Every structure is written in structure tokens, then in C-alpha cells.
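K.L.:
Sharing run_10.tsv below, TSV, C-alpha atoms and all ligand atoms:
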```tsv
chain	number	residue	atom	x	y	z
A	303	MET	CA	0.00	0.00	0.00
A	304	GLU	CA	1.41	3.38	-0.98
A	305	PHE	CA	0.49	6.68	0.68
A	306	ILE	CA	0.61	10.10	-0.94
A	307	ILE	CA	0.01	12.84	1.61
A	308	THR	CA	-0.75	16.32	0.32
A	309	GLU	CA	-1.18	19.59	2.21
A	310	THR	CA	-4.58	20.49	0.84
A	311	TYR	CA	-7.77	19.02	-0.61
A	312	ASP	CA	-7.01	20.67	-3.96
A	313	GLN	CA	-3.59	19.00	-4.10
A	314	MET	CA	-5.17	15.65	-3.18
A	315	SER	CA	-7.66	16.12	-6.02
A	316	ARG	CA	-4.94	17.04	-8.51
A	317	ALA	CA	-2.81	14.03	-7.51
A	318	ALA	CA	-5.76	11.64	-7.94
A	319	ALA	CA	-6.70	13.21	-11.27
A	320	ASP	CA	-3.09	12.90	-12.44
A	321	ALA	CA	-3.13	9.17	-11.66
A	322	ILE	CA	-6.42	8.68	-13.51
A	323	ALA	CA	-5.32	10.83	-16.46
A	324	ALA	CA	-2.05	8.89	-16.70
A	325	LYS	CA	-4.03	5.65	-16.89
A	326	VAL	CA	-6.32	7.01	-19.63
A	327	ARG	CA	-3.38	8.39	-21.63
A	328	SER	CA	-1.41	5.14	-21.44
A	329	CYS	CA	-4.48	2.97	-22.06
A	330	PRO	CA	-7.15	5.00	-23.93
A	331	ASP	CA	-9.66	2.13	-23.88
A	332	CYS	CA	-9.23	1.44	-20.16
A	333	THR	CA	-12.06	0.72	-17.73
A	334	LEU	CA	-12.34	3.03	-14.75
A	335	GLY	CA	-14.24	2.23	-11.58
A	336	LEU	CA	-15.71	5.46	-10.24
A	337	ALA	CA	-16.98	6.70	-6.89
A	338	THR	CA	-19.40	9.32	-5.62
A	339	GLY	CA	-19.47	11.31	-2.38
A	340	SER	CA	-18.03	14.76	-1.73
A	341	THR	CA	-14.39	13.70	-1.73
A	342	PRO	CA	-13.93	12.90	-5.46
A	343	ILE	CA	-15.71	16.06	-6.68
A	344	GLY	CA	-12.40	17.96	-6.93
A	345	THR	CA	-10.81	15.03	-8.75
A	346	TYR	CA	-13.59	15.08	-11.35
A	347	ALA	CA	-13.24	18.87	-11.71
A	348	CYS	CA	-9.52	18.39	-12.50
A	349	LEU	CA	-10.34	15.70	-15.09
A	350	VAL	CA	-12.91	17.99	-16.73
A	351	ALA	CA	-10.29	20.80	-16.80
A	352	ASP	CA	-7.75	18.44	-18.42
A	353	HIS	CA	-10.33	17.48	-21.03
A	354	LYS	CA	-11.17	21.11	-21.77
A	355	ASP	CA	-7.43	21.85	-22.10
A	356	GLY	CA	-7.34	19.22	-24.84
A	357	THR	CA	-5.00	16.89	-22.92
A	358	LEU	CA	-7.44	14.15	-21.96
A	359	ASP	CA	-9.63	12.09	-24.29
A	360	PHE	CA	-12.40	9.92	-22.83
A	361	SER	CA	-13.81	8.73	-26.15
A	362	ASP	CA	-12.74	5.09	-25.68
A	363	VAL	CA	-13.03	4.90	-21.88
A	364	THR	CA	-15.56	2.62	-20.14
A	365	THR	CA	-16.71	3.25	-16.58
A	366	PHE	CA	-18.47	1.29	-13.84
A	367	ASN	CA	-19.63	3.13	-10.75
A	368	LEU	CA	-19.40	1.52	-7.36
A	369	ASP	CA	-22.95	1.86	-6.21
A	370	GLU	CA	-26.43	3.39	-6.39
A	371	TYR	CA	-29.30	4.00	-4.01
A	372	ALA	CA	-32.10	1.46	-4.43
A	373	GLY	CA	-35.34	3.25	-5.26
A	374	LEU	CA	-33.85	6.33	-6.92
A	375	ALA	CA	-34.35	6.71	-10.67
A	376	PRO	CA	-31.41	7.97	-12.76
A	377	GLU	CA	-33.08	11.38	-13.10
A	378	HIS	CA	-33.37	11.85	-9.32
A	379	ARG	CA	-31.03	14.67	-8.25
A	380	GLN	CA	-29.59	12.58	-5.40
A	381	SER	CA	-29.04	9.49	-7.50
A	382	TYR	CA	-25.44	8.57	-8.18
A	383	ARG	CA	-26.18	8.46	-11.93
A	384	TYR	CA	-27.25	12.11	-11.71
A	385	PHE	CA	-24.11	12.92	-9.68
A	386	MET	CA	-21.83	11.33	-12.26
A	387	ASN	CA	-23.50	13.08	-15.20
A	388	ASP	CA	-23.35	16.38	-13.36
A	389	ASN	CA	-19.76	16.15	-12.12
A	390	LEU	CA	-18.05	14.34	-14.99
A	391	PHE	CA	-19.89	12.66	-17.86
A	392	ASP	CA	-21.77	15.73	-19.14
A	393	HIS	CA	-18.50	17.70	-19.36
A	394	VAL	CA	-16.18	15.29	-21.18
A	395	ASN	CA	-16.31	13.37	-24.46
A	396	ILE	CA	-17.23	10.03	-22.91
A	397	ASP	CA	-19.74	7.79	-24.70
A	398	LYS	CA	-22.59	7.60	-22.16
A	399	ALA	CA	-23.44	4.10	-23.42
A	400	ARG	CA	-20.10	3.00	-21.91
A	401	THR	CA	-20.85	4.49	-18.51
A	402	HIS	CA	-22.45	2.09	-16.06
A	403	VAL	CA	-24.20	2.74	-12.74
A	404	PRO	CA	-26.43	0.10	-11.10
A	405	ASN	CA	-30.07	0.80	-11.97
A	406	GLY	CA	-31.64	2.04	-8.74
A	407	ALA	CA	-35.06	2.20	-10.37
A	408	ASN	CA	-35.21	-1.59	-10.75
A	409	ALA	CA	-36.52	-3.21	-7.55
A	410	ASP	CA	-35.38	-6.67	-8.69
A	411	ALA	CA	-32.16	-6.69	-6.68
A	412	ASP	CA	-30.90	-10.03	-7.97
A	413	ALA	CA	-31.37	-8.98	-11.59
A	414	VAL	CA	-29.61	-5.64	-11.06
A	415	CYS	CA	-26.72	-7.01	-9.00
A	416	ASN	CA	-26.03	-10.22	-10.95
A	417	GLY	CA	-26.30	-8.37	-14.25
A	418	TYR	CA	-23.94	-5.62	-13.06
A	419	GLU	CA	-21.29	-8.02	-11.78
A	420	GLN	CA	-21.49	-10.02	-14.99
A	421	ALA	CA	-21.14	-6.87	-17.11
A	422	ILE	CA	-17.96	-5.87	-15.24
A	423	TRP	CA	-16.29	-9.20	-15.88
A	424	ASP	CA	-17.61	-9.57	-19.45
A	425	ASN	CA	-15.94	-6.24	-20.06
A	426	GLY	CA	-12.59	-7.58	-18.81
A	427	GLY	CA	-12.68	-6.17	-15.28
A	428	ILE	CA	-11.66	-2.79	-13.91
A	429	ASP	CA	-8.23	-1.31	-14.60
A	430	LEU	CA	-8.31	1.48	-12.01
A	431	GLN	CA	-10.88	1.79	-9.23
A	432	LEU	CA	-11.34	5.15	-7.49
A	433	LEU	CA	-12.70	4.97	-3.93
A	434	GLY	CA	-13.78	7.33	-1.18
A	435	LEU	CA	-13.91	6.25	2.46
A	436	GLY	CA	-16.96	6.32	4.73
A	437	HIS	CA	-16.60	7.36	8.38
A	438	ASN	CA	-17.29	3.79	9.48
A	439	GLY	CA	-14.78	2.39	6.99
A	440	HIS	CA	-17.27	1.59	4.26
A	441	ILE	CA	-16.15	1.48	0.64
A	442	GLY	CA	-18.84	1.71	-2.00
A	443	PHE	CA	-21.75	0.78	0.24
A	444	ASN	CA	-19.99	-2.20	1.82
A	445	GLU	CA	-20.89	-1.53	5.42
A	446	PRO	CA	-19.16	-3.03	8.49
A	447	ALA	CA	-20.18	-6.71	8.65
A	448	ASP	CA	-19.09	-10.11	9.92
A	449	ALA	CA	-17.76	-11.16	6.52
A	450	PHE	CA	-16.50	-9.47	3.36
A	451	PRO	CA	-19.23	-9.59	0.68
A	452	VAL	CA	-17.90	-10.91	-2.61
A	453	GLY	CA	-19.90	-9.67	-5.57
A	454	THR	CA	-22.34	-6.86	-6.37
A	455	HIS	CA	-25.22	-7.09	-3.91
A	456	ALA	CA	-28.06	-5.21	-2.21
A	457	VAL	CA	-27.36	-3.74	1.25
A	458	GLN	CA	-29.25	-2.12	4.08
A	459	LEU	CA	-27.48	1.14	4.93
A	460	THR	CA	-26.35	1.72	8.52
A	461	GLU	CA	-27.64	4.63	10.60
A	462	SER	CA	-24.16	6.17	10.43
A	463	THR	CA	-24.21	6.20	6.61
A	464	ILE	CA	-27.83	7.40	6.45
A	465	ASN	CA	-26.94	10.26	8.81
A	466	ALA	CA	-23.77	11.16	6.91
A	467	ASN	CA	-25.53	11.17	3.54
A	468	SER	CA	-28.64	13.01	4.78
A	469	ARG	CA	-26.84	16.33	4.27
A	470	LEU	CA	-27.54	15.95	0.56
A	471	PHE	CA	-31.28	15.32	0.96
A	472	ASP	CA	-34.10	17.66	2.06
A	473	SER	CA	-34.75	15.47	5.08
A	474	ILE	CA	-33.24	12.35	6.62
A	475	ASP	CA	-36.51	10.56	5.85
A	476	ASP	CA	-35.78	10.99	2.14
A	477	VAL	CA	-32.49	9.05	2.33
A	478	PRO	CA	-32.99	5.59	0.83
A	479	ARG	CA	-32.46	2.78	3.35
A	480	SER	CA	-30.90	0.38	0.87
A	481	ALA	CA	-28.51	0.40	-2.04
A	482	TYR	CA	-26.83	-1.74	-4.69
A	483	THR	CA	-23.05	-1.91	-4.44
A	484	MET	CA	-20.07	-3.68	-5.91
A	485	GLY	CA	-18.80	-6.20	-3.38
A	486	ILE	CA	-15.40	-6.29	-1.72
A	487	GLY	CA	-14.45	-9.05	-4.15
A	488	THR	CA	-15.41	-6.85	-7.11
A	489	ILE	CA	-13.31	-3.98	-5.74
A	490	MET	CA	-10.34	-6.21	-4.87
A	491	GLY	CA	-10.50	-7.57	-8.43
A	492	ALA	CA	-9.59	-4.17	-9.86
A	493	ARG	CA	-6.03	-4.13	-11.16
A	494	GLU	CA	-5.26	-0.85	-9.35
A	495	VAL	CA	-7.07	0.97	-6.57
A	496	LEU	CA	-6.86	4.68	-5.71
A	497	VAL	CA	-8.42	5.89	-2.45
A	498	VAL	CA	-9.01	9.61	-1.85
A	499	VAL	CA	-9.61	10.86	1.70
A	500	SER	CA	-9.92	14.40	3.01
A	501	GLY	CA	-10.58	16.16	6.30
A	502	ALA	CA	-9.92	15.83	10.02
A	503	ASP	CA	-13.19	13.93	10.49
A	504	LYS	CA	-11.66	11.02	8.52
A	505	ALA	CA	-8.34	10.92	10.44
A	506	ASP	CA	-9.45	8.19	12.88
A	507	ILE	CA	-10.85	5.89	10.21
A	508	VAL	CA	-7.80	6.38	7.95
A	509	ALA	CA	-5.51	5.17	10.74
A	510	LYS	CA	-7.85	2.31	11.68
A	511	ALA	CA	-8.50	1.13	8.13
A	512	PHE	CA	-4.98	1.32	6.76
A	513	CYS	CA	-2.84	0.60	9.84
A	514	GLY	CA	-5.16	-1.57	11.93
A	515	PRO	CA	-6.14	-5.22	11.59
A	516	VAL	CA	-7.80	-6.43	8.38
A	517	VAL	CA	-11.35	-7.17	9.52
A	518	PRO	CA	-14.78	-7.02	7.82
A	519	GLN	CA	-15.98	-4.72	10.60
A	520	VAL	CA	-13.73	-2.11	8.90
A	521	PRO	CA	-14.37	-2.95	5.23
A	522	ALA	CA	-11.65	-0.65	3.82
A	523	SER	CA	-9.00	-2.50	5.85
A	524	VAL	CA	-9.06	-5.23	3.18
A	525	LEU	CA	-7.31	-2.79	0.84
A	526	GLN	CA	-4.10	-3.45	2.82
A	527	LEU	CA	-4.06	-6.79	0.98
A	528	HIS	CA	-4.47	-5.29	-2.50
A	529	PRO	CA	-1.25	-5.54	-4.55
A	530	ALA	CA	-1.58	-2.07	-6.10
A	531	CYS	CA	-3.45	0.29	-3.79
A	532	THR	CA	-2.54	3.96	-3.38
A	533	VAL	CA	-4.14	6.14	-0.69
A	534	ILE	CA	-4.08	9.87	-1.38
A	535	CYS	CA	-4.87	11.86	1.77
A	536	ASP	CA	-4.75	15.50	2.62
A	537	ALA	CA	-2.78	16.44	5.76
A	538	GLU	CA	-5.86	16.53	8.00
A	539	ALA	CA	-7.02	13.05	7.00
A	540	ALA	CA	-3.46	11.74	7.43
A	541	SER	CA	-2.95	13.38	10.83
A	542	LYS	CA	-3.41	10.18	12.88
A	543	LEU	CA	-1.30	7.90	10.71
A	544	PRO	CA	1.80	6.67	12.55
A	545	ARG	CA	4.88	8.56	11.42
B	601	LIG	C1	-21.12	7.29	0.22
B	601	LIG	C2	-20.66	6.47	-0.98
B	601	LIG	C3	-19.22	6.06	-0.85
B	601	LIG	C4	-18.37	7.23	-0.43
B	601	LIG	C5	-18.81	7.67	0.95
B	601	LIG	C6	-17.97	8.79	1.52
B	601	LIG	O1	-21.70	6.51	1.22
B	601	LIG	N1	-21.45	5.32	-1.22
B	601	LIG	O2	-18.77	5.52	-2.06
B	601	LIG	O3	-17.02	6.88	-0.40
B	601	LIG	O4	-20.16	8.11	0.83
B	601	LIG	O5	-18.42	10.01	1.04
B	601	LIG	P1	-17.73	11.39	1.25
B	601	LIG	O6	-16.61	11.46	0.28
B	601	LIG	O7	-18.81	12.39	0.95
B	601	LIG	O8	-17.28	11.44	2.68
```
Could the structure of this file be written out as C-alpha cells, please?
Ligand code: GLP
P.N.:
Amino acid sequence: MEFIITETYDQMSRAAADAIAAKVRSCPDCTLGLATGSTPIGTYACLVADHKDGTLDFSDVTTFNLDEYAGLAPEHRQSYRYFMNDNLFDHVNIDKARTHVPNGANADADAVCNGYEQAIWDNGGIDLQLLGLGHNGHIGFNEPADAFPVGTHAVQLTESTINANSRLFDSIDDVPRSAYTMGIGTIMGAREVLVVVSGADKADIVAKAFCGPVVPQVPASVLQLHPACTVICDAEAASKLPR
């Protein structure tokens, strides 16, 4: 596991965007795994800026997003499909037909999850997976559990995640209680993983996930076992890492 510690959020975002841009430039038809949440917004802004500068071409790139709320249609402003269109896809030359987000509007969880997992592997797997980190150590929507889930599956969200994500909804009652997410096995199957983490409120979980024991109660801890995982933290998020 490699750590890149930057002073600021903007530098963290630029470093993550540089890693993604380098992948796209060296492998124009690569498959990116993408994440939502507040943390990667700056990374996506840097990628959009690179595209507008004429230095980054998404025309042959395929993407698979980590997760989606169950019950939210793609047009819903809090859906992760809407987030991705708004923050990245609508501003670069990606072919939307090659962008994949689990279909939250389909209540048939088995059909959505099995179909999504199959599509990832039929496509040859993920070259570079971008991840954020939840306060309880979740990645995607893989919540603390007694075992690491393998493939894409439906999950009940924890109170901690519902509370954290309620800031984006009009009321906490509007936050969906369940979601579809890639599994830990899906994420660990990516050839490279890039984790972005920002802010003092993530310092405890950064230290626990990346320097503590590998346990399913802290899902992100499994990334310590990934052969090519880079964590990019700003100074606040890194402040409790052992020196
Ligand atoms: C959500 C997403 C995760 C994301 C996490 C952290 O629950 N499903 O993929 O990593 O939030 O979000 P933030 O970056 O806003 O702290």
C-alpha cells in the first residue's frame, strides 16, 4: 500500500486526477471504476479541466460506478447516476453508453446485481478503481459486517451512513435505506485501486483502516491486501497515521 500525503484538498484532487489521467493516456480504452461522495468532486473537476485543455480524451473509456441507491431513478437529483452526469460525464467526451451505474429504479435486486457483476467481468474487469472512504470504513456501500461480501449485492445502509448522507437530501426521511453496491471481491478484483480521503473527520478511520487489523468490521481495511493500492490523503485526514 502506498500513501501520498498532500497539504490540501485541492492537491489531493490534482494528484488523484493525475493518476487517472495517466491511466487514460497510457491505455485510452481502459475501464475506470468510479466513486461518488463529496471527496472525489475535486478530482472530477480536475479531469474535466484536463479534457477542456485538450489533454485528456475519454472517447474510448468505459466506466463502472461503485454503487447506487435502491429506489432512486437515474433522473433523481440525489441518484449517483445524476451525480456522475453532473460532475463528470456531461462535461467530457465520454460515450454515455459506456458508462455504467447500477439501476436504482429496478426493484429486482438479484437482476440488477447479478447483471452488473457479470457486465464488469464480461468487459474484462476494472483497470483502475477510485474509492472514497466512509466514516465507518465503508467502501462503496460495503458496510461493516461479519464477513466481506464478494460480488455486487443489495445492502441495508447503517444509521451512520444514512446520517452522513442526509446532508444531501431535504430530510433524513428521504435518504434511501438500501442500495446496490459492488462487493469487496469486485473492488479487490480491480487491477489498481486509488483511495481519496480528506478532512480531520476522517483521520481516525484512515488510521484504523490502513494501519489496523484487516477485519470485515472495517471494510476498507481489506485494501491493505491489494497488490496495487494507493491512498491519497490531505494532511488533515493523514494526521493520525503513525509517522
Ligand atoms: C457514500 C458512498 C461512498 C463514499 C462515501 C464517503 O456513502 N457510497 O462511495 O465513499 O459516501 O463520502 P464522502 O466522500 O462524501 O465522505
K.L.:
Dump the neighbourhood of ligand LIG 601 (chain B) as a compact mmCIF listing (two decimals) with C-alpha atoms, keeping the file's coordinate frame: all residues within 7 Å, distances computed on only C-alpha atoms and all ligand atoms.
P.N.:
```txt
# COMPACT_ATOMS: atom_id res chain seq x y z
CA ALA A 337 -16.98 6.70 -6.89
CA THR A 338 -19.40 9.32 -5.62
CA GLY A 339 -19.47 11.31 -2.38
CA SER A 340 -18.03 14.76 -1.73
CA THR A 341 -14.39 13.70 -1.73
CA PRO A 342 -13.93 12.90 -5.46
CA LEU A 368 -19.40 1.52 -7.36
CA ASP A 369 -22.95 1.86 -6.21
CA LEU A 433 -12.70 4.97 -3.93
CA GLY A 434 -13.78 7.33 -1.18
CA LEU A 435 -13.91 6.25 2.46
CA GLY A 436 -16.96 6.32 4.73
CA ILE A 441 -16.15 1.48 0.64
CA GLY A 442 -18.84 1.71 -2.00
CA PHE A 443 -21.75 0.78 0.24
CA THR A 463 -24.21 6.20 6.61
CA ASN A 467 -25.53 11.17 3.54
```
K.L.:
CA of Asp362 in chain A to CA of Val326 in chain A: how many Å, to one decimal?
P.N.:
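Taking CA of Asp362 in chain A and CA of Val326 in chain A, their separation equals 9.0 Å.
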K.L.:
Write out as a PyMOL selection string each polymer residue whose atoms come within 7 Å of range 405-416 of chain A, counting only C-alpha atoms; drop sequence neighbours fewer than 2 positions from it.
P.N.:
chain A and resi 370-375+403+418-420+454-456+482
K.L.:
Here is a test: counting all atoms listed in the file, which residue of A:Val363, A:Leu336, A:Val520, A:Ala351 is nearest to Arg383 in chain A?
P.N.:
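Once distances to Arg383 in chain A are computed over all atoms listed in the file, the minimum belongs to A:Leu336.
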K.L.:
For range 312-319 of chain A, list every protein, DNA or RNA residue within 8 Å, evaluated using only C-alpha atoms, and leave out those in the same chain fewer than 2 positions away; present the list as a PDB file with C-alpha atoms, in the frame of the given file.
P.N.:
```
ATOM      1  CA  ILE A 307       0.010  12.840   1.610  1.00  0.00           C
ATOM      2  CA  THR A 308      -0.750  16.320   0.320  1.00  0.00           C
ATOM      3  CA  GLU A 309      -1.180  19.590   2.210  1.00  0.00           C
ATOM      4  CA  THR A 310      -4.580  20.490   0.840  1.00  0.00           C
ATOM      5  CA  ALA A 321      -3.130   9.170 -11.660  1.00  0.00           C
ATOM      6  CA  ILE A 322      -6.420   8.680 -13.510  1.00  0.00           C
ATOM      7  CA  ALA A 323      -5.320  10.830 -16.460  1.00  0.00           C
ATOM      8  CA  PRO A 342     -13.930  12.900  -5.460  1.00  0.00           C
ATOM      9  CA  GLY A 344     -12.400  17.960  -6.930  1.00  0.00           C
ATOM     10  CA  THR A 345     -10.810  15.030  -8.750  1.00  0.00           C
ATOM     11  CA  TYR A 346     -13.590  15.080 -11.350  1.00  0.00           C
ATOM     12  CA  CYS A 348      -9.520  18.390 -12.500  1.00  0.00           C
ATOM     13  CA  LEU A 349     -10.340  15.700 -15.090  1.00  0.00           C
ATOM     14  CA  LEU A 496      -6.860   4.680  -5.710  1.00  0.00           C
ATOM     15  CA  VAL A 498      -9.010   9.610  -1.850  1.00  0.00           C
ATOM     16  CA  SER A 500      -9.920  14.400   3.010  1.00  0.00           C
ATOM     17  CA  ILE A 534      -4.080   9.870  -1.380  1.00  0.00           C
ATOM     18  CA  CYS A 535      -4.870  11.860   1.770  1.00  0.00           C
ATOM     19  CA  ASP A 536      -4.750  15.500   2.620  1.00  0.00           C
TER      20      ASP A 536
END
```
K.L.:
Give the padded box for range 528-533 of chain A as lines of an AutoDock Vina configuration file: axis-aligned, covering all atoms listed in the file, 6 Å on each side, centre and edge lengths in Å to one decimal.
P.N.:
```
center_x = -2.9
center_y = 0.3
center_z = -3.4
size_x = 15.2
size_y = 23.7
size_z = 17.4
```
K.L.:
Measure the distance from CA of Asp388 in chain A to CA of Gly453 in chain A in Å and round it to one decimal.
P.N.:
27.4 Å
K.L.:
Between CA of Ile428 in chain A and CA of Arg400 in chain A, measure the distance and give it in Å to one decimal.
P.N.:
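One can read the CA of Ile428 in chain A to CA of Arg400 in chain A distance as 13.0 Å.
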K.L.:
Counting all atoms listed in the file, figure out which residue out of A:Asp503, A:Asp429, A:Asp331, A:Glu461 gets nearest to Ala530 in chain A.
P.N.:
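For Ala530 in chain A, the nearest of the candidates is A:Asp429.
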K.L.:
Please determine, counting only C-alpha atoms, which residue among A:Lys504, A:Arg327, A:Arg469, A:Arg493 has the shortest atom-to-atom distance to Gly426 in chain A.
P.N.:
A:Arg493
K.L.:
Of the candidates A:Val499, A:Pro446, A:Lys354, A:Asp476, which one gets nearest to His378 in chain A if we count all atoms listed in the file?
P.N.:
A:Asp476
K.L.:
Counting only C-alpha atoms, which of A:Asn395, A:Asn389, A:Asn438, A:Thr333 gets nearest to Ala505 in chain A?
P.N.:
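Closest to Ala505 in chain A, using only C-alpha atoms: A:Asn438.
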K.L.:
Point out the residue among A:Phe450, A:Val394, A:Met386, A:Glu538 with the least atom-to-atom distance to Asp355 in chain A, counting only C-alpha atoms.
P.N.:
A:Val394
K.L.:
With a distance cut-off of 10 Å and all atoms listed in the file, select the neighbouring residues of Lys542 in chain A, excluding the residue or stretch itself and same-chain residues fewer than 6 positions from it, and output the selection as a ChimeraX atom specification.
P.N.:
/A:502,504-510
K.L.:
Complete range 381-391 of chain A at the level of all heavy atoms, written as a short mmCIF file (atom, residue, chain, number, x, y, z; two decimals), in the coordinates of the input.
P.N.:
```cif
data_model
loop_
_atom_site.label_atom_id
_atom_site.label_comp_id
_atom_site.auth_asym_id
_atom_site.auth_seq_id
_atom_site.Cartn_x
_atom_site.Cartn_y
_atom_site.Cartn_z
N SER A 381 -29.53 10.80 -7.05
CA SER A 381 -29.04 9.49 -7.50
C SER A 381 -27.56 9.63 -7.90
O SER A 381 -27.09 10.71 -8.26
CB SER A 381 -29.85 8.98 -8.69
OG SER A 381 -29.49 9.66 -9.87
N TYR A 382 -26.87 8.53 -7.82
CA TYR A 382 -25.44 8.57 -8.18
C TYR A 382 -25.27 8.70 -9.69
O TYR A 382 -24.25 9.22 -10.16
CB TYR A 382 -24.74 7.34 -7.61
CG TYR A 382 -24.54 7.44 -6.10
CD1 TYR A 382 -24.15 6.33 -5.37
CD2 TYR A 382 -24.71 8.64 -5.41
CE1 TYR A 382 -23.95 6.41 -3.99
CE2 TYR A 382 -24.51 8.73 -4.04
CZ TYR A 382 -24.13 7.61 -3.34
OH TYR A 382 -23.92 7.69 -1.98
N ARG A 383 -26.24 8.24 -10.47
CA ARG A 383 -26.18 8.46 -11.93
C ARG A 383 -26.24 9.97 -12.21
O ARG A 383 -25.45 10.47 -13.00
CB ARG A 383 -27.33 7.72 -12.61
CG ARG A 383 -27.63 8.16 -14.02
CD ARG A 383 -26.43 8.15 -14.95
NE ARG A 383 -26.11 6.82 -15.45
CZ ARG A 383 -25.12 6.60 -16.32
NH1 ARG A 383 -24.37 7.59 -16.78
NH2 ARG A 383 -24.87 5.36 -16.73
N TYR A 384 -27.13 10.66 -11.52
CA TYR A 384 -27.25 12.11 -11.71
C TYR A 384 -25.93 12.78 -11.32
O TYR A 384 -25.40 13.65 -12.04
CB TYR A 384 -28.41 12.66 -10.87
CG TYR A 384 -28.73 14.10 -11.17
CD1 TYR A 384 -29.77 14.44 -12.03
CD2 TYR A 384 -27.98 15.14 -10.60
CE1 TYR A 384 -30.05 15.78 -12.32
CE2 TYR A 384 -28.26 16.46 -10.88
CZ TYR A 384 -29.29 16.77 -11.73
OH TYR A 384 -29.56 18.10 -12.01
N PHE A 385 -25.38 12.37 -10.18
CA PHE A 385 -24.11 12.92 -9.68
C PHE A 385 -23.01 12.76 -10.73
O PHE A 385 -22.24 13.70 -11.00
CB PHE A 385 -23.73 12.20 -8.39
CG PHE A 385 -22.36 12.56 -7.84
CD1 PHE A 385 -22.23 13.42 -6.77
CD2 PHE A 385 -21.19 11.99 -8.39
CE1 PHE A 385 -20.96 13.75 -6.26
CE2 PHE A 385 -19.93 12.32 -7.89
CZ PHE A 385 -19.82 13.19 -6.82
N MET A 386 -22.92 11.57 -11.30
CA MET A 386 -21.83 11.33 -12.26
C MET A 386 -22.02 12.15 -13.53
O MET A 386 -21.04 12.68 -14.08
CB MET A 386 -21.73 9.83 -12.61
CG MET A 386 -21.21 8.97 -11.48
SD MET A 386 -19.67 9.52 -10.71
CE MET A 386 -18.55 9.64 -12.10
N ASN A 387 -23.26 12.25 -14.02
CA ASN A 387 -23.50 13.08 -15.20
C ASN A 387 -23.10 14.52 -14.90
O ASN A 387 -22.44 15.18 -15.71
CB ASN A 387 -24.98 13.03 -15.59
CG ASN A 387 -25.37 11.69 -16.21
OD1 ASN A 387 -24.52 10.90 -16.60
ND2 ASN A 387 -26.67 11.44 -16.29
N ASP A 388 -23.52 14.98 -13.73
CA ASP A 388 -23.35 16.38 -13.36
C ASP A 388 -21.88 16.75 -13.10
O ASP A 388 -21.43 17.85 -13.44
CB ASP A 388 -24.17 16.60 -12.07
CG ASP A 388 -24.44 18.05 -11.81
OD1 ASP A 388 -24.62 18.80 -12.79
OD2 ASP A 388 -24.48 18.44 -10.63
N ASN A 389 -21.14 15.83 -12.50
CA ASN A 389 -19.76 16.15 -12.12
C ASN A 389 -18.72 15.75 -13.16
O ASN A 389 -17.61 16.28 -13.15
CB ASN A 389 -19.40 15.50 -10.79
CG ASN A 389 -20.03 16.23 -9.63
OD1 ASN A 389 -19.58 17.32 -9.26
ND2 ASN A 389 -21.08 15.67 -9.07
N LEU A 390 -19.07 14.79 -14.04
CA LEU A 390 -18.05 14.34 -14.99
C LEU A 390 -18.61 14.09 -16.39
O LEU A 390 -18.20 14.76 -17.35
CB LEU A 390 -17.36 13.06 -14.47
CG LEU A 390 -16.24 12.50 -15.34
CD1 LEU A 390 -15.06 13.49 -15.42
CD2 LEU A 390 -15.74 11.15 -14.81
N PHE A 391 -19.55 13.17 -16.52
CA PHE A 391 -19.89 12.66 -17.86
C PHE A 391 -20.42 13.74 -18.80
O PHE A 391 -20.12 13.70 -19.99
CB PHE A 391 -20.91 11.52 -17.76
CG PHE A 391 -20.48 10.32 -16.95
CD1 PHE A 391 -21.42 9.53 -16.29
CD2 PHE A 391 -19.13 9.98 -16.83
CE1 PHE A 391 -21.02 8.42 -15.56
CE2 PHE A 391 -18.73 8.88 -16.08
CZ PHE A 391 -19.69 8.10 -15.44
#
```
